[in-house]
>>> print(open('model-v4.tsv').read())   # TSV, C-alpha atoms and all ligand atoms
chain	number	residue	atom	x	y	z
A	1	MET	CA	0.06	3.55	34.99
A	2	PRO	CA	-1.65	3.24	31.60
A	3	SER	CA	0.68	2.72	28.62
A	4	PRO	CA	1.55	5.99	26.85
A	5	LEU	CA	-0.11	6.33	23.47
A	6	ILE	CA	1.13	7.43	20.08
A	7	LEU	CA	-1.36	9.37	17.99
A	8	GLY	CA	-1.29	8.59	14.26
A	9	ILE	CA	-2.56	11.01	11.61
A	10	GLU	CA	-2.93	10.18	7.89
A	11	THR	CA	-4.22	12.69	5.32
A	12	SER	CA	-2.06	12.04	2.25
A	13	CYS	CA	-4.86	11.31	-0.21
A	14	ASP	CA	-8.61	10.80	0.13
A	15	GLU	CA	-8.87	9.18	3.55
A	16	THR	CA	-8.72	11.13	6.79
A	17	SER	CA	-7.57	8.69	9.42
A	18	VAL	CA	-6.66	8.95	13.11
A	19	ALA	CA	-5.39	6.15	15.34
A	20	LEU	CA	-4.13	5.61	18.88
A	21	LEU	CA	-1.59	2.87	19.48
A	22	GLU	CA	0.18	1.55	22.54
A	23	ARG	CA	3.96	1.16	22.41
A	24	ASP	CA	3.69	-2.61	21.86
A	25	GLY	CA	1.69	-1.98	18.66
A	26	THR	CA	-1.74	-2.62	20.17
A	27	VAL	CA	-4.27	-0.61	18.13
A	28	ARG	CA	-6.67	1.08	20.58
A	29	VAL	CA	-8.60	2.90	17.85
A	30	ASN	CA	-8.23	3.37	14.11
A	31	HIS	CA	-10.85	5.66	12.59
A	32	ILE	CA	-11.13	6.33	8.86
A	33	ALA	CA	-13.33	8.95	7.19
A	34	SER	CA	-13.37	8.04	3.51
A	35	GLN	CA	-14.08	10.78	0.97
A	36	ILE	CA	-14.67	8.40	-1.92
A	37	GLU	CA	-18.28	9.57	-2.44
A	38	ARG	CA	-17.24	13.23	-2.62
A	39	HIS	CA	-14.79	12.49	-5.45
A	40	GLN	CA	-16.84	9.92	-7.35
A	41	PRO	CA	-18.77	12.43	-9.51
A	42	PHE	CA	-15.41	13.66	-10.85
A	43	GLY	CA	-14.04	10.17	-11.66
A	44	GLY	CA	-10.91	10.71	-9.54
A	45	VAL	CA	-9.54	12.52	-6.49
A	46	VAL	CA	-9.88	16.33	-6.66
A	47	PRO	CA	-7.02	17.73	-4.53
A	48	GLU	CA	-8.86	20.89	-3.45
A	49	ILE	CA	-11.85	18.89	-2.23
A	50	ALA	CA	-9.55	16.42	-0.47
A	51	SER	CA	-7.86	19.20	1.52
A	52	ARG	CA	-11.15	20.78	2.58
A	53	GLU	CA	-12.56	17.41	3.63
A	54	HIS	CA	-9.46	16.67	5.74
A	55	LEU	CA	-9.80	20.05	7.40
A	56	GLN	CA	-13.41	19.32	8.26
A	57	HIS	CA	-12.87	15.79	9.57
A	58	LEU	CA	-9.45	15.77	11.23
A	59	PHE	CA	-10.17	17.31	14.63
A	60	PRO	CA	-13.57	15.68	15.19
A	61	LEU	CA	-11.83	12.35	14.48
A	62	VAL	CA	-9.09	13.12	17.00
A	63	THR	CA	-11.55	13.92	19.78
A	64	ARG	CA	-13.69	10.90	18.89
A	65	SER	CA	-10.62	8.66	18.95
A	66	LEU	CA	-9.67	9.86	22.43
A	67	ALA	CA	-13.22	9.30	23.66
A	68	ASP	CA	-13.44	5.82	22.13
A	69	ALA	CA	-10.08	4.83	23.61
A	70	GLY	CA	-11.14	6.22	27.00
A	71	ALA	CA	-7.92	8.24	26.91
A	72	ALA	CA	-6.95	11.77	27.91
A	73	TRP	CA	-4.72	14.25	26.06
A	74	SER	CA	-2.07	13.62	28.70
A	75	ASP	CA	-1.89	9.93	27.71
A	76	ILE	CA	-0.41	10.87	24.31
A	77	ASP	CA	3.38	11.09	24.37
A	78	SER	CA	4.10	11.54	20.65
A	79	ILE	CA	2.43	12.08	17.28
A	80	ALA	CA	3.21	10.25	14.04
A	81	VAL	CA	2.01	12.04	10.93
A	82	THR	CA	2.33	11.26	7.23
A	83	SER	CA	4.62	13.96	5.83
A	84	GLY	CA	4.70	12.56	2.26
A	85	PRO	CA	4.44	11.44	-0.44
A	86	GLY	CA	0.93	12.49	-1.39
A	87	LEU	CA	-1.22	15.49	-2.35
A	88	ILE	CA	0.54	18.51	-0.92
A	89	GLY	CA	-2.59	20.35	0.20
A	90	ALA	CA	-3.91	17.21	1.84
A	91	LEU	CA	-0.61	16.46	3.57
A	92	LEU	CA	-0.39	20.04	4.89
A	93	VAL	CA	-3.68	19.66	6.76
A	94	GLY	CA	-2.38	16.60	8.64
A	95	VAL	CA	1.07	18.06	9.25
A	96	ALA	CA	-0.18	21.46	10.40
A	97	GLY	CA	-2.79	19.78	12.61
A	98	ALA	CA	-0.14	17.52	14.15
A	99	GLN	CA	2.18	20.48	14.66
A	100	GLY	CA	-0.47	22.45	16.51
A	101	LEU	CA	-1.37	19.53	18.74
A	102	ALA	CA	2.24	18.57	19.44
A	103	TYR	CA	3.27	22.13	20.19
A	104	GLY	CA	0.32	22.61	22.50
A	105	LEU	CA	0.90	19.33	24.31
A	106	GLY	CA	4.69	19.78	24.44
A	107	ILE	CA	5.40	16.45	22.74
A	108	PRO	CA	7.50	15.45	19.69
A	109	ILE	CA	6.40	14.52	16.19
A	110	VAL	CA	7.63	11.63	14.08
A	111	ALA	CA	7.33	12.46	10.38
A	112	VAL	CA	6.40	9.24	8.58
A	113	ASN	CA	6.87	8.38	4.94
A	114	HIS	CA	3.54	6.96	3.76
A	115	LEU	CA	5.31	4.01	2.09
A	116	GLU	CA	6.96	3.08	5.36
A	117	GLY	CA	3.48	3.04	6.84
A	118	HIS	CA	2.44	0.40	4.31
A	119	ILE	CA	5.69	-1.56	4.77
A	120	PHE	CA	5.03	-2.31	8.46
A	121	SER	CA	1.24	-2.76	8.16
A	122	PRO	CA	1.35	-6.60	7.83
A	123	TYR	CA	2.62	-6.75	11.43
A	124	LEU	CA	-0.45	-5.08	12.93
A	125	GLN	CA	-3.15	-7.27	14.44
A	126	THR	CA	-6.77	-6.50	15.30
A	127	ASP	CA	-6.38	-8.09	18.70
A	128	GLY	CA	-3.40	-7.41	20.88
A	129	ALA	CA	0.17	-6.39	20.30
A	130	SER	CA	1.83	-6.37	16.89
A	131	ILE	CA	3.61	-9.42	15.48
A	132	PRO	CA	7.33	-9.30	16.42
A	133	LEU	CA	9.47	-8.01	13.55
A	134	PRO	CA	12.31	-10.14	12.23
A	135	LYS	CA	15.89	-8.89	11.65
A	136	ARG	CA	15.33	-8.60	7.91
A	137	VAL	CA	12.19	-8.65	5.78
A	138	LEU	CA	11.59	-8.26	2.07
A	139	SER	CA	8.58	-6.02	1.59
A	140	LEU	CA	6.40	-5.46	-1.48
A	141	VAL	CA	4.28	-2.32	-1.51
A	142	ILE	CA	1.67	-2.66	-4.24
A	143	SER	CA	-1.05	-0.05	-4.42
A	144	GLY	CA	-2.79	2.36	-6.75
A	145	GLY	CA	0.19	4.69	-6.66
A	146	HIS	CA	3.20	2.45	-5.95
A	147	SER	CA	4.87	-0.79	-6.89
A	148	SER	CA	8.18	-1.28	-5.10
A	149	ILE	CA	10.24	-3.90	-3.30
A	150	TYR	CA	12.09	-2.86	-0.15
A	151	ASP	CA	14.88	-4.43	1.89
A	152	VAL	CA	13.84	-3.70	5.47
A	153	ARG	CA	15.93	-4.13	8.61
A	154	PRO	CA	13.84	-3.33	11.66
A	155	GLY	CA	15.75	-2.78	14.85
A	156	ASP	CA	14.62	-1.25	18.09
A	157	GLY	CA	12.88	1.80	16.71
A	158	ARG	CA	15.63	2.54	14.17
A	159	ALA	CA	14.50	0.59	11.13
A	160	GLN	CA	16.51	0.84	7.91
A	161	VAL	CA	14.51	0.79	4.71
A	162	ARG	CA	16.19	0.48	1.30
A	163	MET	CA	14.16	0.65	-1.91
A	164	ILE	CA	15.33	-2.09	-4.31
A	165	ASN	CA	13.10	-1.35	-7.28
A	166	ARG	CA	10.12	0.69	-8.35
A	167	THR	CA	7.87	1.05	-11.36
A	168	ARG	CA	9.13	3.00	-14.32
A	169	ASP	CA	5.61	3.92	-15.40
A	170	ASP	CA	2.21	2.77	-14.08
A	171	ALA	CA	1.69	1.21	-10.66
A	172	ILE	CA	0.09	-2.23	-10.54
A	173	GLY	CA	-3.17	-1.00	-8.91
A	174	GLU	CA	-3.37	1.85	-11.41
A	175	THR	CA	-3.12	-0.72	-14.24
A	176	PHE	CA	-5.99	-2.72	-12.72
A	177	ASP	CA	-8.04	0.48	-12.46
A	178	LYS	CA	-7.36	1.84	-15.96
A	179	VAL	CA	-8.06	-1.44	-17.76
A	180	ALA	CA	-11.18	-2.01	-15.63
A	181	LYS	CA	-12.42	1.44	-16.59
A	182	PHE	CA	-11.82	0.72	-20.27
A	183	ILE	CA	-13.95	-2.43	-20.13
A	184	GLY	CA	-16.72	-0.61	-18.29
A	185	LEU	CA	-16.13	-1.70	-14.68
A	186	PRO	CA	-16.48	0.79	-11.80
A	187	TYR	CA	-13.64	2.20	-9.68
A	188	PRO	CA	-11.70	0.70	-7.96
A	189	GLY	CA	-11.06	-1.84	-10.69
A	190	GLY	CA	-8.82	-4.31	-8.82
A	191	PRO	CA	-11.59	-6.08	-6.84
A	192	GLN	CA	-13.83	-6.09	-9.95
A	193	ILE	CA	-11.20	-7.75	-12.13
A	194	GLU	CA	-10.52	-10.27	-9.36
A	195	LYS	CA	-14.21	-11.16	-9.19
A	196	PHE	CA	-14.47	-11.82	-12.95
A	197	ALA	CA	-11.09	-13.61	-13.03
A	198	ARG	CA	-12.38	-16.13	-10.49
A	199	GLN	CA	-15.06	-17.25	-12.96
A	200	GLY	CA	-12.67	-17.54	-15.90
A	201	GLN	CA	-9.66	-19.44	-17.16
A	202	ALA	CA	-6.43	-17.83	-18.29
A	203	ASP	CA	-6.15	-18.14	-22.06
A	204	VAL	CA	-2.71	-16.94	-23.16
A	205	ARG	CA	-3.27	-17.94	-26.79
A	206	ARG	CA	-6.19	-15.57	-27.17
A	207	PHE	CA	-4.79	-12.94	-24.84
A	208	PRO	CA	-0.97	-12.96	-25.03
A	209	PHE	CA	0.93	-10.69	-22.59
A	210	PRO	CA	4.74	-10.85	-22.73
A	211	ILE	CA	6.70	-10.09	-19.53
A	212	ALA	CA	8.51	-6.76	-19.94
A	213	GLN	CA	12.30	-6.97	-19.56
A	214	PHE	CA	14.82	-4.14	-19.55
A	215	LYS	CA	18.06	-4.24	-21.54
A	216	ASP	CA	20.00	-3.08	-18.49
A	217	GLU	CA	18.73	-6.14	-16.51
A	218	SER	CA	17.06	-3.85	-14.00
A	219	ALA	CA	14.50	-5.46	-11.70
A	220	ASP	CA	12.22	-2.41	-12.05
A	221	PHE	CA	8.56	-2.93	-12.83
A	222	SER	CA	6.89	-1.63	-15.96
A	223	TYR	CA	3.16	-2.02	-16.33
A	224	SER	CA	2.39	0.37	-19.18
A	225	GLY	CA	3.00	-2.38	-21.78
A	226	ILE	CA	0.47	-4.70	-20.14
A	227	LYS	CA	-1.99	-1.81	-19.92
A	228	ALA	CA	-1.64	-0.93	-23.61
A	229	GLY	CA	-1.77	-4.62	-24.59
A	230	ALA	CA	-4.89	-5.21	-22.49
A	231	ILE	CA	-6.70	-2.25	-24.03
A	232	ARG	CA	-5.78	-3.42	-27.55
A	233	LEU	CA	-6.89	-7.00	-26.85
A	234	ALA	CA	-10.11	-5.86	-25.19
A	235	ARG	CA	-10.93	-3.76	-28.25
A	236	GLU	CA	-10.05	-6.59	-30.66
A	237	HIS	CA	-12.12	-9.21	-28.80
A	238	ARG	CA	-14.94	-6.82	-27.86
A	239	ILE	CA	-14.49	-7.39	-24.14
A	240	HIS	CA	-16.93	-5.18	-22.28
A	241	SER	CA	-19.09	-5.32	-19.19
A	242	GLY	CA	-22.53	-6.48	-20.30
A	243	GLY	CA	-21.05	-8.42	-23.26
A	244	ASP	CA	-19.95	-12.08	-23.54
A	245	GLU	CA	-19.45	-13.12	-19.91
A	246	LYS	CA	-17.17	-16.08	-20.58
A	247	ALA	CA	-14.84	-13.97	-22.75
A	248	MET	CA	-14.84	-11.24	-20.09
A	249	ALA	CA	-13.96	-13.71	-17.32
A	250	ASP	CA	-11.17	-15.34	-19.35
A	251	PHE	CA	-9.79	-11.94	-20.31
A	252	CYS	CA	-9.74	-10.80	-16.66
A	253	ALA	CA	-8.08	-14.05	-15.54
A	254	THR	CA	-5.35	-13.73	-18.20
A	255	PHE	CA	-4.77	-10.02	-17.56
A	256	GLN	CA	-4.56	-10.51	-13.78
A	257	ASP	CA	-2.14	-13.42	-14.30
A	258	ALA	CA	0.07	-11.23	-16.46
A	259	LEU	CA	0.26	-8.54	-13.76
A	260	PHE	CA	1.19	-11.09	-11.12
A	261	ALA	CA	3.61	-12.95	-13.45
A	262	GLN	CA	5.69	-9.78	-13.68
A	263	LEU	CA	5.50	-9.33	-9.90
A	264	PHE	CA	6.86	-12.84	-9.31
A	265	ASP	CA	9.44	-12.48	-12.07
A	266	ARG	CA	10.93	-9.42	-10.34
A	267	LEU	CA	10.61	-10.98	-6.92
A	268	GLY	CA	12.56	-14.01	-8.18
A	269	THR	CA	15.29	-11.76	-9.63
A	270	VAL	CA	15.60	-9.75	-6.42
A	271	TRP	CA	15.67	-12.91	-4.31
A	272	SER	CA	18.38	-14.64	-6.33
A	273	ARG	CA	20.51	-11.47	-6.37
A	274	MET	CA	20.23	-11.35	-2.57
A	275	GLN	CA	21.31	-14.99	-2.40
A	276	SER	CA	24.51	-14.17	-4.24
A	277	GLU	CA	25.41	-11.57	-1.59
A	278	ARG	CA	27.15	-12.77	1.53
A	279	GLU	CA	24.54	-11.55	3.96
A	280	ALA	CA	21.92	-13.31	6.04
A	281	MET	CA	18.78	-13.62	3.89
A	282	PRO	CA	15.45	-12.12	4.93
A	283	THR	CA	13.47	-14.68	6.92
A	284	GLU	CA	10.14	-13.10	6.06
A	285	ILE	CA	8.41	-11.59	3.07
A	286	ALA	CA	5.52	-9.14	3.45
A	287	ILE	CA	3.06	-7.61	1.01
A	288	ALA	CA	1.17	-4.38	1.61
A	289	GLY	CA	-1.05	-1.79	-0.09
A	290	GLY	CA	-4.46	-2.11	-1.75
A	291	VAL	CA	-3.46	-4.84	-4.21
A	292	ALA	CA	-2.35	-7.01	-1.25
A	293	ALA	CA	-6.09	-7.53	-0.65
A	294	ASN	CA	-6.24	-9.70	-3.80
A	295	GLY	CA	-7.05	-13.29	-2.81
A	296	VAL	CA	-5.31	-14.90	-5.79
A	297	LEU	CA	-2.11	-13.01	-5.04
A	298	ARG	CA	-2.34	-13.87	-1.33
A	299	ASP	CA	-2.53	-17.60	-2.17
A	300	ARG	CA	0.31	-17.40	-4.68
A	301	ILE	CA	2.67	-15.55	-2.38
A	302	LEU	CA	1.97	-18.03	0.42
A	303	GLU	CA	2.94	-20.79	-2.01
A	304	TRP	CA	6.07	-18.86	-3.05
A	305	GLY	CA	7.15	-18.59	0.60
A	306	ARG	CA	6.40	-22.25	1.34
A	307	HIS	CA	8.70	-23.32	-1.49
A	308	ARG	CA	11.57	-21.28	-0.14
A	309	GLY	CA	11.01	-21.77	3.59
A	310	VAL	CA	10.23	-18.07	4.07
A	311	ILE	CA	7.47	-16.82	6.38
A	312	VAL	CA	4.87	-14.78	4.46
A	313	ARG	CA	3.11	-11.88	6.23
A	314	LEU	CA	-0.18	-10.70	4.78
A	315	PRO	CA	-1.84	-7.57	6.14
A	316	GLU	CA	-5.37	-7.86	7.46
A	317	LYS	CA	-7.64	-6.38	4.80
A	318	ARG	CA	-8.49	-3.36	7.00
A	319	TYR	CA	-4.77	-2.42	7.03
A	320	CYS	CA	-4.20	-2.84	3.27
A	321	THR	CA	-5.73	0.51	2.33
A	322	ASP	CA	-4.71	3.85	3.82
A	323	ASN	CA	-5.09	4.12	7.60
A	324	ALA	CA	-3.47	5.94	10.52
A	325	ALA	CA	-2.75	2.79	12.56
A	326	MET	CA	0.00	1.87	10.10
A	327	ILE	CA	1.39	5.42	10.27
A	328	ALA	CA	1.58	5.36	14.08
A	329	PHE	CA	3.12	1.88	13.95
A	330	ALA	CA	5.73	2.97	11.39
A	331	GLY	CA	6.42	5.95	13.67
A	332	LEU	CA	7.29	3.49	16.43
A	333	GLN	CA	9.62	1.59	14.07
A	334	MET	CA	11.35	4.54	12.42
A	335	GLY	CA	11.36	6.64	15.57
A	336	ILE	CA	13.12	9.91	14.93
A	337	PRO	CA	11.00	12.27	17.04
A	338	ALA	CA	11.51	15.87	16.12
A	339	ASP	CA	10.65	19.33	17.30
A	340	PRO	CA	7.14	19.89	15.88
A	341	ARG	CA	8.24	23.17	14.29
A	342	ARG	CA	10.79	21.35	12.09
A	343	VAL	CA	8.43	18.95	10.31
A	344	VAL	CA	7.75	19.67	6.65
A	345	ALA	CA	5.32	18.12	4.18
A	346	ARG	CA	6.69	16.89	0.85
A	347	SER	CA	4.52	15.72	-2.02
A	348	ARG	CA	7.37	13.60	-3.45
A	349	ILE	CA	9.82	11.80	-1.27
A	350	ARG	CA	11.38	9.15	-3.50
B	1	LIG	O1	-3.34	1.32	-1.07
B	1	LIG	P1	-4.54	1.83	-1.78
B	1	LIG	O2	-5.84	1.86	-1.04
B	1	LIG	O3	-4.36	3.28	-2.27
B	1	LIG	C1	-3.21	3.82	-2.80
B	1	LIG	O4	-2.37	4.31	-2.03
B	1	LIG	O5	-3.11	3.73	-4.04
B	1	LIG	O6	-4.69	0.96	-3.10
B	1	LIG	C2	-5.77	1.10	-3.97
B	1	LIG	C3	-5.52	0.17	-5.14
B	1	LIG	C4	-6.51	0.40	-6.29
B	1	LIG	O7	-5.76	0.50	-7.48
B	1	LIG	C5	-7.35	-0.87	-6.27
B	1	LIG	O8	-7.83	-1.25	-7.54
B	1	LIG	C6	-6.37	-1.89	-5.73
B	1	LIG	O9	-5.67	-1.19	-4.75
B	1	LIG	N1	-7.07	-3.04	-5.15
B	1	LIG	C7	-6.99	-4.29	-5.68
B	1	LIG	C8	-7.85	-5.11	-4.90
B	1	LIG	N2	-8.39	-4.34	-3.91
B	1	LIG	C9	-7.90	-3.07	-4.09
B	1	LIG	N3	-6.30	-4.75	-6.72
B	1	LIG	C10	-6.45	-6.06	-7.03
B	1	LIG	N4	-7.25	-6.90	-6.34
B	1	LIG	C11	-7.96	-6.47	-5.28
B	1	LIG	N5	-8.75	-7.32	-4.61
B	2	ZN	ZN	-1.32	4.20	0.49
>>> encode(input="model-v4.tsv", output="structure tokens")
Amino acid sequence: MPSPLILGIETSCDETSVALLERDGTVRVNHIASQIERHQPFGGVVPEIASREHLQHLFPLVTRSLADAGAAWSDIDSIAVTSGPGLIGALLVGVAGAQGLAYGLGIPIVAVNHLEGHIFSPYLQTDGASIPLPKRVLSLVISGGHSSIYDVRPGDGRAQVRMINRTRDDAIGETFDKVAKFIGLPYPGGPQIEKFARQGQADVRRFPFPIAQFKDESADFSYSGIKAGAIRLAREHRIHSGGDEKAMADFCATFQDALFAQLFDRLGTVWSRMQSEREAMPTEIAIAGGVAANGVLRDRILEWGRHRGVIVRLPEKRYCTDNAAMIAFAGLQMGIPADPRRVVARSRIR
């Protein structure tokens, strides 16, 4: 008997993605149709175009996925679909598509929160079953739209996920992108800034960035101050692509350091608050989302974990950005299969 498969569908933003996973987390296929070129002329994602593109690509991707996995419709026993947060028109294409398929096949749907998809993505592997989940993991989701730390307790398909903090304004990836745009670098800005930063040296005297703190001692993130400061400093020092390369590299190195300094500041606060509680500490820390592809951050978080005796899980780069494999995998972890007619799409979840 072949293992039953879970079909994953992701259409929350500008990537249509379909995946087929076995119950042990083995990824049989994970196809992604990126729309980035369709949106590029407009300098950002156009929701109407995104929805139409999803509509065009979703079903061909499903049939191609089945063919590539050598699987039949009858091998699928459930469907995991992103129900939010995201662009409502885009989400509706995935949800309605999943509903039609599930209803027709007589199987349940698991509605997956996109953030929960990212949270479990570091446990997926290209080859073979997923990495076994610990009892408790501290998870950082850092992307273009989100910056949050979660307290996650997996447990036999009934994972509990508690959000500890979030950003009060810009997300970390968004800050990379906006400052990159200001200094004349193309979208997405994160990898561009990283590239320049590697050739430079942080210079906090020329480019000072204080770490934002809240009066109420909240561990929330706030990146709008760093963004405004970076734009002011870039203007003052005439930092621009095509200008003085050394100044550009040093600026990028200092700016990137400031973003990560705040990340580690909050992580330290959250960790020491957990230590003062009388519960078993997380044994692992995981990072996820587009910014988790940053090599400097990956090295620093490994170092952070080594110091504290905590295992660090880094997602493979293919699972950092949006994909349906992580949605199907989160479906297996969160597991509340529902009647397909009861699933609703929500643009904002929390
Ligand atoms: O998770 P993702 O693909 O999409 C969202 O859900 O937002 O994340 C995209 C974000 C962009 O802001 C991009 O600049 C950032 O991830 N990013 C990086 C790197 N690669 C992608 N940021 C810093 N360093 C990178 N190497
Ligand atoms: Zn995402």
>>> closest_residue(input="model-v4.tsv", among="A:Gly243, A:Gly309, A:Pro41, A:Gly173", to="ligand ZN 2 (chain B)", atoms="only C-alpha atoms and all ligand atoms")
A:Gly173
>>> residues_near_point(input="model-v4.tsv", point="(-9.4, 18.5, -6.9)", cutoff="12 Å", atoms="all atoms listed in the file", output="count of residues only")
23
>>> residues_near_ligand(input="model-v4.tsv", ligand="ligand LIG 1 (chain B)", cutoff="6 Å", atoms="only C-alpha atoms and all ligand atoms", output="number ranges by chain")
A: 143-145, 173-174, 176-177, 188-191, 194, 289-291, 293-294, 321-322
>>> write_last_selection(input="model-v4.tsv", atoms="C-alpha atoms", output="short mmCIF file (atom, residue, chain, number, x, y, z; two decimals), keeping the file's coordinate frame")
data_model
loop_
_atom_site.label_atom_id
_atom_site.label_comp_id
_atom_site.auth_asym_id
_atom_site.auth_seq_id
_atom_site.Cartn_x
_atom_site.Cartn_y
_atom_site.Cartn_z
CA SER A 143 -1.05 -0.05 -4.42
CA GLY A 144 -2.79 2.36 -6.75
CA GLY A 145 0.19 4.69 -6.66
CA GLY A 173 -3.17 -1.00 -8.91
CA GLU A 174 -3.37 1.85 -11.41
CA PHE A 176 -5.99 -2.72 -12.72
CA ASP A 177 -8.04 0.48 -12.46
CA PRO A 188 -11.70 0.70 -7.96
CA GLY A 189 -11.06 -1.84 -10.69
CA GLY A 190 -8.82 -4.31 -8.82
CA PRO A 191 -11.59 -6.08 -6.84
CA GLU A 194 -10.52 -10.27 -9.36
CA GLY A 289 -1.05 -1.79 -0.09
CA GLY A 290 -4.46 -2.11 -1.75
CA VAL A 291 -3.46 -4.84 -4.21
CA ALA A 293 -6.09 -7.53 -0.65
CA ASN A 294 -6.24 -9.70 -3.80
CA THR A 321 -5.73 0.51 2.33
CA ASP A 322 -4.71 3.85 3.82
#
>>> residues_around(input="model-v4.tsv", residues="Arg318 in chain A", least_positions_apart="2", cutoff="12 Å", atoms="all atoms listed in the file", output="PDB file with C-alpha atoms, in the frame of the given file")
ATOM      1  CA  ASN A  30      -8.230   3.370  14.110  1.00  0.00           C
ATOM      2  CA  HIS A  31     -10.850   5.660  12.590  1.00  0.00           C
ATOM      3  CA  ILE A  32     -11.130   6.330   8.860  1.00  0.00           C
ATOM      4  CA  HIS A 118       2.440   0.400   4.310  1.00  0.00           C
ATOM      5  CA  SER A 121       1.240  -2.760   8.160  1.00  0.00           C
ATOM      6  CA  PRO A 122       1.350  -6.600   7.830  1.00  0.00           C
ATOM      7  CA  LEU A 124      -0.450  -5.080  12.930  1.00  0.00           C
ATOM      8  CA  GLN A 125      -3.150  -7.270  14.440  1.00  0.00           C
ATOM      9  CA  THR A 126      -6.770  -6.500  15.300  1.00  0.00           C
ATOM     10  CA  ALA A 288       1.170  -4.380   1.610  1.00  0.00           C
ATOM     11  CA  GLY A 289      -1.050  -1.790  -0.090  1.00  0.00           C
ATOM     12  CA  GLY A 290      -4.460  -2.110  -1.750  1.00  0.00           C
ATOM     13  CA  ALA A 292      -2.350  -7.010  -1.250  1.00  0.00           C
ATOM     14  CA  ALA A 293      -6.090  -7.530  -0.650  1.00  0.00           C
ATOM     15  CA  LEU A 314      -0.180 -10.700   4.780  1.00  0.00           C
ATOM     16  CA  PRO A 315      -1.840  -7.570   6.140  1.00  0.00           C
ATOM     17  CA  GLU A 316      -5.370  -7.860   7.460  1.00  0.00           C
ATOM     18  CA  CYS A 320      -4.200  -2.840   3.270  1.00  0.00           C
ATOM     19  CA  THR A 321      -5.730   0.510   2.330  1.00  0.00           C
ATOM     20  CA  ASP A 322      -4.710   3.850   3.820  1.00  0.00           C
ATOM     21  CA  ASN A 323      -5.090   4.120   7.600  1.00  0.00           C
ATOM     22  CA  ALA A 324      -3.470   5.940  10.520  1.00  0.00           C
ATOM     23  CA  ALA A 325      -2.750   2.790  12.560  1.00  0.00           C
ATOM     24  CA  MET A 326       0.000   1.870  10.100  1.00  0.00           C
TER      25      MET A 326
END
>>> atom_distance(input="model-v4.tsv", atom1="CA of Leu58 in chain A", atom2="CA of Ile36 in chain A")
16.0 Å
>>> closest_residue(input="model-v4.tsv", among="A:Gly104, A:Gly305, A:Gly86, A:Gly268", to="Ile149 in chain A", atoms="all atoms listed in the file")
A:Gly268
>>> closest_residue(input="model-v4.tsv", among="A:Asp75, A:Asp170, A:Asp68, A:Glu116", to="ligand ZN 2 (chain B)", atoms="only C-alpha atoms and all ligand atoms")
A:Glu116
>>> atom_distance(input="model-v4.tsv", atom1="CA of Ser74 in chain A", atom2="CA of Ala19 in chain A")
15.7 Å
>>> closest_residue(input="model-v4.tsv", among="A:Pro4, A:Arg64, A:Ala98, A:Arg153", to="Ala345 in chain A", atoms="all atoms listed in the file")
A:Ala98
>>> atom_distance(input="model-v4.tsv", atom1="CA of Pro337 in chain A", atom2="CA of Ala67 in chain A")
25.3 Å
>>> closest_residue(input="model-v4.tsv", among="A:Leu91, A:Ile287, A:Ala72, A:Ala212", to="Gln262 in chain A", atoms="only C-alpha atoms")
A:Ala212
>>> residues_around(input="model-v4.tsv", residues="Ala338 in chain A", least_positions_apart="6", cutoff="10 Å", atoms="only C-alpha atoms", output="number ranges by chain")
A: 78-79, 107-111
>>> residues_near_point(input="model-v4.tsv", point="(20.1, -14.0, 5.1)", cutoff="12 Å", atoms="all atoms listed in the file", output="list in words")
Pro134, Lys135, Arg136, Val137, Leu138, Asp151, Arg153, Trp271, Ser272, Arg273, Met274, Gln275, Ser276, Glu277, Arg278, Glu279, Ala280, Met281, Pro282, Thr283, Glu284 and Val310 of chain A
>>> closest_residue(input="model-v4.tsv", among="A:Val141, A:Ile131, A:Ala219, A:Ile239", to="ligand ZN 2 (chain B)", atoms="all atoms listed in the file")
A:Val141
>>> residues_around(input="model-v4.tsv", residues="range 229-233 of chain A", least_positions_apart="4", cutoff="10 Å", atoms="all atoms listed in the file", output="ChimeraX atom specification")
/A:175,178-180,182-183,206-210,223-225,237-239,251-252,254-255,258
